[in-house]
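Undergrad: Pasting a structure here, questions to come.
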Amino acid sequence: MLTAQEQAHYREHGYVIPSFRLPPELLAELRRAVDGMLTSYTDVPPEDLANPHMLPADAAGLPNPFMRAARHEPILNMIEQIVGPDIILWISRILCKPAVTGREVPWHQDGEYWPMRPLATCSVWVAIDEATPENGGMRFIPGSHKREGLYRHHKSERKDIVLNLELDADQFNERDAVDIVLEPGQISLHDVKMIHGSPANKSGKRRAALIMRYMPATSHYDRALVAGRTFNSAFNIANQPLWLMRGVDRSGKNDFQHGHAQWRERYAGGLTPAAKAQSFSEG
Ligand SMILES: O=C(O)CCC(=O)C(=O)O
């Protein structure tokens, strides 16, 4: 559970690095599974490996390590403290910045990309490798989540960045940024409106993360808002497979079937050439 102080930090600053650590066995399994994904799906940019929790269970029926991390009770307990008892996992991704070539994530607010209304999500960023300013660790602008609306973004034409909706430079002051430094197995949690980004990885050390995003089931994941919207690529987030992790769908409008078969097939059969050609950018 988050301490009262950690909860207050999240409310005040829009993020927190809790004292929690992933159990070493789970971290080791995640690292092996990340390595496996990177070897198997070489045609997908390593920053963009989507929904690894949709990988098949093992032969004995044990869920894959990504799904086990997403269901890890202490993580769900912390999420419950932030979003309430009705919790939907709506996406996961591996964002791996390889040594030397790992791409920059431009300054942005996740809420600029996402279709749940009311806008709400807590992202859990799990350090698989250490994350530092040298290897492309995240940077946050504390307190930036507090403004009611979103800040102004523009569509960037740069090809060397992971996302393409970038915050206008006059919307924030980079001097206010804090570096999020994490050891493997540590996590950070951040709010949907947090202004954040991360520099390119020019170091000799890989920086891999598993990111899991949870919304309250009081919000509606409104696929119509992103249908046909393509961000950086042909893929869009209209087909995300939603998982109710705890509680009930209070909105009464969320669809928990949509996208599941498509993603299961995608990973069960290996990636088709068409799927390989697609990556995605969701914020
Ligand atoms: O991993 C990164 O560098 C950026 C991740 C991010 O933008 C996010 O989790 O919202």
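Chain labels A, B, ... are given in the sequence in which chains occur in the structure tokens; within each chain residues are numbered consecutively from 1, and ligands are likewise numbered from 1 in the order shown.
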Hey, which residues sit close to ligand 1? Say within 8 Å, counting only C-alpha atoms and all ligand atoms, and write them as number ranges by chain.
TA: A: 95-97, 104-105, 108-110, 123-125, 136-138, 190, 192, 196-199, 208-209, 211, 283
Undergrad: Could you name the residues that touch range 71-77 of chain A at 9 Å or less, counting only C-alpha atoms, but leaving out those on the same chain fewer than 5 positions away, as a list of chain:residue names?
TA: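 Final neighbour list, sorted by chain and number: A:Met1, A:Leu2, A:Phe20, A:Phe66, A:Ile82, A:Pro85, A:Ile87, A:Val124, A:Met245, A:Arg246.
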Undergrad: With C-alpha atoms retained, write the just-selected residues as a compact mmCIF listing (two decimals), in the first residue's frame.
TA:
# COMPACT_ATOMS: atom_id res chain seq x y z
CA MET A 1 0.00 0.00 0.00
CA LEU A 2 1.05 3.62 -0.46
CA PHE A 20 7.63 -0.77 -3.19
CA PHE A 66 3.32 -9.28 -17.87
CA ILE A 82 -5.45 6.34 -6.42
CA PRO A 85 -12.00 0.21 -6.14
CA ILE A 87 -10.15 -0.72 -11.87
CA VAL A 124 2.64 2.31 -13.52
CA MET A 245 -9.08 -6.04 -12.67
CA ARG A 246 -11.22 -5.17 -9.66
Undergrad: Set the distance at 8 Å and use only C-alpha atoms: which residues neighbour Gly111 in chain A once local chain neighbours fewer than 2 positions away are removed? I'd like the list as an NGL selection string.
TA: :A and (109 or 113-115 or 119-120 or 150 or 192-193 or 283)
Undergrad: Using DSSP on the backbone coordinates, identify the residues of range 116-242 of chain A assigned to strand (DSSP E); present them as an MDAnalysis selection string.
TA: chainID A and resid 116:117 122:127 139:141 153:155 165:167 178:179 187:191 195:198 207:216 220:221
Undergrad: Between A:Ile195, A:Ala217, A:Met78, A:Ala200, which residue has the minimum interatomic distance to Gly102 in chain A, considering only C-alpha atoms?
TA: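 That would be A:Ala200, the residue with the smallest distance to Gly102 in chain A.
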Undergrad: Can you tell me, as a PyMOL selection string, which residues in range 13-189 of chain A count as alpha helix (DSSP H) by DSSP?
TA: chain A and resi 13+24-40+65-70+73-83
Undergrad: So, counting only C-alpha atoms, which residue among A:Glu29, A:Asp86, A:Glu112, A:Glu134 is closest to Gly204 in chain A?
TA: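 When distances to Gly204 in chain A are compared using only C-alpha atoms, the smallest one comes from A:Glu134.
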Undergrad: Which is closest to Asn51 in chain A among A:Leu244, A:Leu22, A:Ala227, A:Val34, if we use only C-alpha atoms?
TA: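 Counting only C-alpha atoms, the residue closest to Asn51 in chain A is A:Val34.
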Undergrad: Taking into account only C-alpha atoms, which residue in the set A:Gly84, A:Pro98, A:Pro142, A:Pro216 is nearest to Arg117 in chain A?
TA: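 Among the listed residues, A:Pro216 lies closest to Arg117 in chain A.
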Undergrad: Would you work out the distance separating CA of Leu189 in chain A from CA of Ile128 in chain A, expressed in Å to one decimal?
TA: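 Interatomic distance here is 14.8 Å.
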Undergrad: Name the residues in contact with range 56-64 of chain A at a cut-off of 12 Å, using only C-alpha atoms, excluding same-chain residues fewer than 5 positions from it; report them as a list in words.
TA: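 Near range 56-64 of chain A, the qualifying residues are Leu26, Glu29, Leu30, Arg32, Ala33, Val34, Asn51, Ala69, Ala70, Arg71, His72, His260, Ala261, Trp263, Arg264, Glu265, Arg266, Tyr267, Ala268, Gly269 and Gly270 of chain A.
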Undergrad: Using only C-alpha atoms, pick whichever of A:Glu47, A:Glu25, A:Glu148, A:Asp222 has the shortest atom-to-atom distance to Arg68 in chain A.
TA: A:Glu25
Undergrad: When you draw a straight line from CA of Val181 in chain A to CA of Leu27 in chain A, how long is it in Å?
TA: 17.3 Å
